[in-house]
Amino acid sequence: MEADEKKTVMVAIDESEFSRYALQWALEYLHDTISNSYLILFTAIPVLDFSYIYASTFGAAPQQLITSMLENQKKAAVTLLDKAKDMCAKHGIVAETRSEVGDPKEAICEAVEKLKIDLLVIGSHSRGTIQRAFLGSVSNYCVHNAKCPALVVRKPV
């Protein structure tokens with residue numbers, strides 16, 4: 001890799017306050033790095049569980065309802081990414097946005113590989129050991145499975 005070749009930094013975000021904090025932290029503390037890199041803001045759109053809809057409609061969920069739910073989920077992702085892009089613009093940073101449908105931890109790691117990311121920045125919900133065991137940890141999964149260094153930003157309590 002040439003010395004003047006730009007790196008690619010990806011900040012994975014969701015609707016949580018921890019995610020917003022991680023992006024804000026990166027924009028402040030990694031400003032020089034990010035301003036000399038390509039910045040990608042990424043969000044995963046979780047796969048919807050339609051089982052409750054099928055159960056409540058006795059197995060005959062209207063396709064229009066399912067389509068509407070999917071469209072609303074995609075609109076929410078676009079809104080989230082647009083707000084994050086505005087945060088970047090306030091710091092003089094131009095960001096590209098991407099989203100993928102899937103399990104967040106897997107979608108993030110797949111995007112890292114596909115987009116050839118050099119640094120992943122991700123927030124942490126700061127769950128304890130027991131909560132992580134039951135709920136899982138996206139940041140922990142990414143630290144161990146992403147094909148690049150991962151910086152986990154924890155919001156102070």
# chains A, B, ... in the order shown; residues from 1 in each chain; ligands from 1

call {"tool": "residues_around", "arguments": {"residues": "His31 in chain A", "least_positions_apart": "5", "cutoff": "12 Å", "atoms": "only C-alpha atoms", "output": "list in words"}}
result
Val9, Leu23, Gln24, Trp25, Ala26, Asn36, Ser37, Tyr38, Leu39, Cys88, Ala89, Lys90, His91, Gly92, Ile93 and Val94 of chain A

call {"tool": "residues_around", "arguments": {"residues": "Gly123 in chain A", "least_positions_apart": "5", "cutoff": "8 Å", "atoms": "only C-alpha atoms", "output": "number ranges by chain"}}
result
A: 12-13, 18-23, 139, 152-155

call {"tool": "closest_residue", "arguments": {"among": "A:Ser16, A:Ser35, A:Gln64, A:Gln73", "to": "Glu100 in chain A", "atoms": "only C-alpha atoms"}}
result
A:Gln73

call {"tool": "select_by_dssp", "arguments": {"residues": "chain A", "states": "strand (DSSP E or B)", "output": "mmCIF file with all heavy atoms, in the first residue's frame"}}
result
data_model
loop_
_atom_site.group_PDB
_atom_site.id
_atom_site.type_symbol
_atom_site.label_atom_id
_atom_site.label_comp_id
_atom_site.auth_asym_id
_atom_site.auth_seq_id
_atom_site.Cartn_x
_atom_site.Cartn_y
_atom_site.Cartn_z
ATOM 1 N N LYS A 7 -7.033 5.602 3.583
ATOM 2 C CA LYS A 7 -7.601 4.473 4.317
ATOM 3 C C LYS A 7 -9.123 4.607 4.307
ATOM 4 O O LYS A 7 -9.662 5.674 4.026
ATOM 5 C CB LYS A 7 -7.122 4.466 5.767
ATOM 6 C CG LYS A 7 -5.622 4.484 5.937
ATOM 7 C CD LYS A 7 -5.044 3.141 5.682
ATOM 8 C CE LYS A 7 -3.554 3.168 6.036
ATOM 9 N NZ LYS A 7 -2.813 2.178 5.365
ATOM 10 N N THR A 8 -9.805 3.522 4.641
ATOM 11 C CA THR A 8 -11.258 3.552 4.727
ATOM 12 C C THR A 8 -11.668 3.192 6.148
ATOM 13 O O THR A 8 -11.304 2.138 6.663
ATOM 14 C CB THR A 8 -11.889 2.563 3.727
ATOM 15 O OG1 THR A 8 -11.413 2.870 2.414
ATOM 16 C CG2 THR A 8 -13.405 2.672 3.741
ATOM 17 N N VAL A 9 -12.403 4.111 6.773
ATOM 18 C CA VAL A 9 -12.893 3.934 8.138
ATOM 19 C C VAL A 9 -14.406 3.743 8.049
ATOM 20 O O VAL A 9 -15.090 4.458 7.331
ATOM 21 C CB VAL A 9 -12.573 5.173 9.010
ATOM 22 C CG1 VAL A 9 -13.175 5.026 10.399
ATOM 23 C CG2 VAL A 9 -11.068 5.403 9.085
ATOM 24 N N MET A 10 -14.901 2.755 8.784
ATOM 25 C CA MET A 10 -16.344 2.533 8.830
ATOM 26 C C MET A 10 -16.818 2.671 10.271
ATOM 27 O O MET A 10 -16.233 2.086 11.175
ATOM 28 C CB MET A 10 -16.705 1.136 8.311
ATOM 29 C CG MET A 10 -18.198 0.894 8.250
ATOM 30 S SD MET A 10 -18.630 -0.625 7.364
ATOM 31 C CE MET A 10 -18.758 -1.771 8.739
ATOM 32 N N VAL A 11 -17.859 3.469 10.459
ATOM 33 C CA VAL A 11 -18.504 3.589 11.762
ATOM 34 C C VAL A 11 -19.853 2.884 11.635
ATOM 35 O O VAL A 11 -20.688 3.275 10.824
ATOM 36 C CB VAL A 11 -18.687 5.054 12.202
ATOM 37 C CG1 VAL A 11 -19.374 5.113 13.565
ATOM 38 C CG2 VAL A 11 -17.355 5.783 12.242
ATOM 39 N N ALA A 12 -20.024 1.823 12.418
ATOM 40 C CA ALA A 12 -21.282 1.072 12.411
ATOM 41 C C ALA A 12 -22.218 1.708 13.432
ATOM 42 O O ALA A 12 -21.837 1.925 14.583
ATOM 43 C CB ALA A 12 -21.019 -0.388 12.758
ATOM 44 N N SER A 37 -9.304 10.174 5.381
ATOM 45 C CA SER A 37 -9.736 8.828 5.015
ATOM 46 C C SER A 37 -11.086 8.901 4.313
ATOM 47 O O SER A 37 -11.739 9.933 4.308
ATOM 48 C CB SER A 37 -9.896 7.952 6.263
ATOM 49 O OG SER A 37 -8.716 7.896 7.013
ATOM 50 N N TYR A 38 -11.486 7.772 3.762
ATOM 51 C CA TYR A 38 -12.862 7.626 3.291
ATOM 52 C C TYR A 38 -13.664 7.184 4.506
ATOM 53 O O TYR A 38 -13.262 6.268 5.214
ATOM 54 C CB TYR A 38 -12.968 6.575 2.194
ATOM 55 C CG TYR A 38 -12.199 6.926 0.943
ATOM 56 C CD1 TYR A 38 -11.054 6.227 0.600
ATOM 57 C CD2 TYR A 38 -12.626 7.960 0.106
ATOM 58 C CE1 TYR A 38 -10.336 6.547 -0.543
ATOM 59 C CE2 TYR A 38 -11.913 8.292 -1.044
ATOM 60 C CZ TYR A 38 -10.770 7.578 -1.358
ATOM 61 O OH TYR A 38 -10.068 7.901 -2.495
ATOM 62 N N LEU A 39 -14.778 7.839 4.767
ATOM 63 C CA LEU A 39 -15.616 7.468 5.901
ATOM 64 C C LEU A 39 -16.915 6.864 5.392
ATOM 65 O O LEU A 39 -17.611 7.455 4.577
ATOM 66 C CB LEU A 39 -15.932 8.679 6.788
ATOM 67 C CG LEU A 39 -16.871 8.404 7.973
ATOM 68 C CD1 LEU A 39 -16.259 7.373 8.933
ATOM 69 C CD2 LEU A 39 -17.201 9.691 8.705
ATOM 70 N N ILE A 40 -17.217 5.677 5.900
ATOM 71 C CA ILE A 40 -18.470 5.008 5.569
ATOM 72 C C ILE A 40 -19.273 4.854 6.858
ATOM 73 O O ILE A 40 -18.776 4.328 7.852
ATOM 74 C CB ILE A 40 -18.228 3.623 4.928
ATOM 75 C CG1 ILE A 40 -17.485 3.791 3.602
ATOM 76 C CG2 ILE A 40 -19.556 2.885 4.732
ATOM 77 C CD1 ILE A 40 -17.070 2.497 2.948
ATOM 78 N N LEU A 41 -20.506 5.338 6.822
ATOM 79 C CA LEU A 41 -21.441 5.135 7.925
ATOM 80 C C LEU A 41 -22.306 3.949 7.534
ATOM 81 O O LEU A 41 -22.891 3.924 6.449
ATOM 82 C CB LEU A 41 -22.317 6.377 8.124
ATOM 83 C CG LEU A 41 -21.567 7.670 8.408
ATOM 84 C CD1 LEU A 41 -22.522 8.862 8.372
ATOM 85 C CD2 LEU A 41 -20.847 7.585 9.739
ATOM 86 N N PHE A 42 -22.363 2.961 8.397
ATOM 87 C CA PHE A 42 -23.036 1.705 8.062
ATOM 88 C C PHE A 42 -24.078 1.369 9.114
ATOM 89 O O PHE A 42 -23.836 1.521 10.306
ATOM 90 C CB PHE A 42 -22.017 0.567 7.993
ATOM 91 C CG PHE A 42 -22.629 -0.770 7.681
ATOM 92 C CD1 PHE A 42 -22.827 -1.156 6.366
ATOM 93 C CD2 PHE A 42 -23.024 -1.621 8.694
ATOM 94 C CE1 PHE A 42 -23.417 -2.383 6.070
ATOM 95 C CE2 PHE A 42 -23.618 -2.849 8.414
ATOM 96 C CZ PHE A 42 -23.805 -3.233 7.100
ATOM 97 N N THR A 43 -25.230 0.908 8.663
ATOM 98 C CA THR A 43 -26.220 0.365 9.593
ATOM 99 C C THR A 43 -26.776 -0.930 9.029
ATOM 100 O O THR A 43 -26.912 -1.079 7.810
ATOM 101 C CB THR A 43 -27.357 1.367 9.897
ATOM 102 O OG1 THR A 43 -28.093 0.895 11.024
ATOM 103 C CG2 THR A 43 -28.296 1.563 8.733
ATOM 104 N N ALA A 44 -27.051 -1.838 9.924
ATOM 105 C CA ALA A 44 -27.667 -3.107 9.546
ATOM 106 C C ALA A 44 -29.171 -2.992 9.790
ATOM 107 O O ALA A 44 -29.605 -2.438 10.801
ATOM 108 C CB ALA A 44 -27.084 -4.246 10.365
ATOM 109 N N ILE A 45 -29.935 -3.515 8.860
ATOM 110 C CA ILE A 45 -31.387 -3.546 8.996
ATOM 111 C C ILE A 45 -31.733 -4.969 9.418
ATOM 112 O O ILE A 45 -31.613 -5.895 8.623
ATOM 113 C CB ILE A 45 -32.077 -3.179 7.663
ATOM 114 C CG1 ILE A 45 -31.627 -1.797 7.183
ATOM 115 C CG2 ILE A 45 -33.593 -3.259 7.816
ATOM 116 C CD1 ILE A 45 -32.067 -1.450 5.776
ATOM 117 N N ALA A 95 -19.236 11.944 4.400
ATOM 118 C CA ALA A 95 -19.361 10.508 4.640
ATOM 119 C C ALA A 95 -20.258 9.869 3.587
ATOM 120 O O ALA A 95 -21.190 10.483 3.088
ATOM 121 C CB ALA A 95 -19.928 10.251 6.029
ATOM 122 N N GLU A 96 -19.947 8.623 3.294
ATOM 123 C CA GLU A 96 -20.772 7.795 2.427
ATOM 124 C C GLU A 96 -21.622 6.929 3.353
ATOM 125 O O GLU A 96 -21.202 6.609 4.468
ATOM 126 C CB GLU A 96 -19.832 6.924 1.593
ATOM 127 C CG GLU A 96 -20.494 6.018 0.598
ATOM 128 C CD GLU A 96 -19.474 5.159 -0.137
ATOM 129 O OE1 GLU A 96 -18.337 5.612 -0.362
ATOM 130 O OE2 GLU A 96 -19.833 4.015 -0.451
ATOM 131 N N THR A 97 -22.818 6.548 2.916
ATOM 132 C CA THR A 97 -23.675 5.715 3.759
ATOM 133 C C THR A 97 -23.963 4.380 3.077
ATOM 134 O O THR A 97 -24.053 4.315 1.852
ATOM 135 C CB THR A 97 -25.005 6.404 4.097
ATOM 136 O OG1 THR A 97 -25.705 6.699 2.886
ATOM 137 C CG2 THR A 97 -24.770 7.689 4.890
ATOM 138 N N ARG A 98 -24.081 3.360 3.898
ATOM 139 C CA ARG A 98 -24.415 2.019 3.411
ATOM 140 C C ARG A 98 -25.307 1.332 4.428
ATOM 141 O O ARG A 98 -25.179 1.562 5.627
ATOM 142 C CB ARG A 98 -23.154 1.152 3.256
ATOM 143 C CG ARG A 98 -22.155 1.617 2.228
ATOM 144 C CD ARG A 98 -22.640 1.268 0.827
ATOM 145 N NE ARG A 98 -21.698 1.728 -0.163
ATOM 146 C CZ ARG A 98 -20.841 0.955 -0.801
ATOM 147 N NH1 ARG A 98 -20.775 -0.327 -0.526
ATOM 148 N NH2 ARG A 98 -20.040 1.460 -1.709
ATOM 149 N N SER A 99 -26.169 0.453 3.933
ATOM 150 C CA SER A 99 -26.966 -0.386 4.823
ATOM 151 C C SER A 99 -27.135 -1.748 4.173
ATOM 152 O O SER A 99 -27.083 -1.871 2.945
ATOM 153 C CB SER A 99 -28.334 0.244 5.112
ATOM 154 O OG SER A 99 -29.084 0.357 3.926
ATOM 155 N N GLU A 100 -27.319 -2.747 5.015
ATOM 156 C CA GLU A 100 -27.551 -4.117 4.555
ATOM 157 C C GLU A 100 -28.588 -4.745 5.472
ATOM 158 O O GLU A 100 -28.609 -4.471 6.669
ATOM 159 C CB GLU A 100 -26.261 -4.951 4.619
ATOM 160 C CG GLU A 100 -25.193 -4.562 3.614
ATOM 161 C CD GLU A 100 -25.557 -4.873 2.174
ATOM 162 O OE1 GLU A 100 -26.348 -5.812 1.935
ATOM 163 O OE2 GLU A 100 -25.050 -4.168 1.289
ATOM 164 N N VAL A 101 -29.407 -5.611 4.901
ATOM 165 C CA VAL A 101 -30.381 -6.353 5.697
ATOM 166 C C VAL A 101 -29.687 -7.598 6.229
ATOM 167 O O VAL A 101 -28.982 -8.298 5.486
ATOM 168 C CB VAL A 101 -31.607 -6.748 4.845
ATOM 169 C CG1 VAL A 101 -32.554 -7.635 5.643
ATOM 170 C CG2 VAL A 101 -32.326 -5.507 4.334
ATOM 171 N N LEU A 119 -10.380 0.316 9.301
ATOM 172 C CA LEU A 119 -10.664 0.490 10.718
ATOM 173 C C LEU A 119 -12.169 0.529 10.915
ATOM 174 O O LEU A 119 -12.868 1.287 10.243
ATOM 175 C CB LEU A 119 -10.052 1.792 11.258
ATOM 176 C CG LEU A 119 -10.405 2.156 12.707
ATOM 177 C CD1 LEU A 119 -9.830 1.139 13.694
ATOM 178 C CD2 LEU A 119 -9.908 3.560 13.046
ATOM 179 N N LEU A 120 -12.655 -0.285 11.850
ATOM 180 C CA LEU A 120 -14.069 -0.305 12.216
ATOM 181 C C LEU A 120 -14.223 0.381 13.569
ATOM 182 O O LEU A 120 -13.500 0.066 14.513
ATOM 183 C CB LEU A 120 -14.566 -1.757 12.317
ATOM 184 C CG LEU A 120 -15.956 -1.960 12.914
ATOM 185 C CD1 LEU A 120 -17.038 -1.310 12.038
ATOM 186 C CD2 LEU A 120 -16.237 -3.451 13.092
ATOM 187 N N VAL A 121 -15.161 1.320 13.650
ATOM 188 C CA VAL A 121 -15.489 1.975 14.917
ATOM 189 C C VAL A 121 -16.919 1.573 15.255
ATOM 190 O O VAL A 121 -17.813 1.676 14.409
ATOM 191 C CB VAL A 121 -15.376 3.514 14.826
ATOM 192 C CG1 VAL A 121 -15.774 4.165 16.150
ATOM 193 C CG2 VAL A 121 -13.973 3.930 14.400
ATOM 194 N N ILE A 122 -17.097 1.102 16.492
ATOM 195 C CA ILE A 122 -18.416 0.621 16.900
ATOM 196 C C ILE A 122 -18.659 0.969 18.363
ATOM 197 O O ILE A 122 -17.726 0.959 19.165
ATOM 198 C CB ILE A 122 -18.523 -0.906 16.635
ATOM 199 C CG1 ILE A 122 -19.944 -1.408 16.812
ATOM 200 C CG2 ILE A 122 -17.534 -1.682 17.471
ATOM 201 C CD1 ILE A 122 -20.164 -2.789 16.216
ATOM 202 N N GLY A 123 -19.881 1.297 18.693
ATOM 203 C CA GLY A 123 -20.226 1.599 20.076
ATOM 204 C C GLY A 123 -20.487 0.333 20.864
ATOM 205 O O GLY A 123 -20.709 -0.735 20.303
ATOM 206 N N SER A 124 -20.483 0.485 22.180
ATOM 207 C CA SER A 124 -20.749 -0.644 23.070
ATOM 208 C C SER A 124 -21.907 -0.289 23.983
ATOM 209 O O SER A 124 -21.964 0.814 24.524
ATOM 210 C CB SER A 124 -19.510 -0.959 23.912
ATOM 211 O OG SER A 124 -19.828 -1.901 24.910
ATOM 212 N N ALA A 150 -10.770 -3.270 15.149
ATOM 213 C CA ALA A 150 -12.051 -2.718 15.581
ATOM 214 C C ALA A 150 -11.839 -1.897 16.841
ATOM 215 O O ALA A 150 -11.244 -2.370 17.809
ATOM 216 C CB ALA A 150 -13.053 -3.841 15.850
ATOM 217 N N LEU A 151 -12.308 -0.666 16.810
ATOM 218 C CA LEU A 151 -12.230 0.223 17.963
ATOM 219 C C LEU A 151 -13.606 0.294 18.599
ATOM 220 O O LEU A 151 -14.577 0.725 17.958
ATOM 221 C CB LEU A 151 -11.789 1.618 17.518
ATOM 222 C CG LEU A 151 -11.809 2.727 18.581
ATOM 223 C CD1 LEU A 151 -10.845 2.411 19.712
ATOM 224 C CD2 LEU A 151 -11.486 4.064 17.951
ATOM 225 N N VAL A 152 -13.710 -0.190 19.827
ATOM 226 C CA VAL A 152 -14.984 -0.174 20.543
ATOM 227 C C VAL A 152 -14.998 1.044 21.464
ATOM 228 O O VAL A 152 -14.114 1.209 22.290
ATOM 229 C CB VAL A 152 -15.180 -1.472 21.359
ATOM 230 C CG1 VAL A 152 -16.500 -1.417 22.133
ATOM 231 C CG2 VAL A 152 -15.142 -2.689 20.442
ATOM 232 N N VAL A 153 -16.008 1.880 21.288
ATOM 233 C CA VAL A 153 -16.130 3.109 22.081
ATOM 234 C C VAL A 153 -17.253 2.907 23.101
ATOM 235 O O VAL A 153 -18.388 2.631 22.737
ATOM 236 C CB VAL A 153 -16.455 4.316 21.173
ATOM 237 C CG1 VAL A 153 -16.619 5.580 22.008
ATOM 238 C CG2 VAL A 153 -15.385 4.495 20.105
ATOM 239 N N ARG A 154 -16.880 3.007 24.373
ATOM 240 C CA ARG A 154 -17.849 2.864 25.461
ATOM 241 C C ARG A 154 -18.220 4.243 25.976
ATOM 242 O O ARG A 154 -17.350 5.069 26.238
ATOM 243 C CB ARG A 154 -17.259 2.045 26.593
ATOM 244 C CG ARG A 154 -17.119 0.589 26.232
ATOM 245 C CD ARG A 154 -16.577 -0.215 27.361
ATOM 246 N NE ARG A 154 -17.399 0.014 28.568
ATOM 247 C CZ ARG A 154 -17.181 -0.617 29.709
ATOM 248 N NH1 ARG A 154 -16.208 -1.476 29.822
ATOM 249 N NH2 ARG A 154 -17.961 -0.375 30.742
#

call {"tool": "select_by_dssp", "arguments": {"residues": "range 25-54 of chain A", "states": "helix (DSSP H, G or I)", "output": "number ranges by chain"}}
result
A: 25-29, 31-35, 51-54
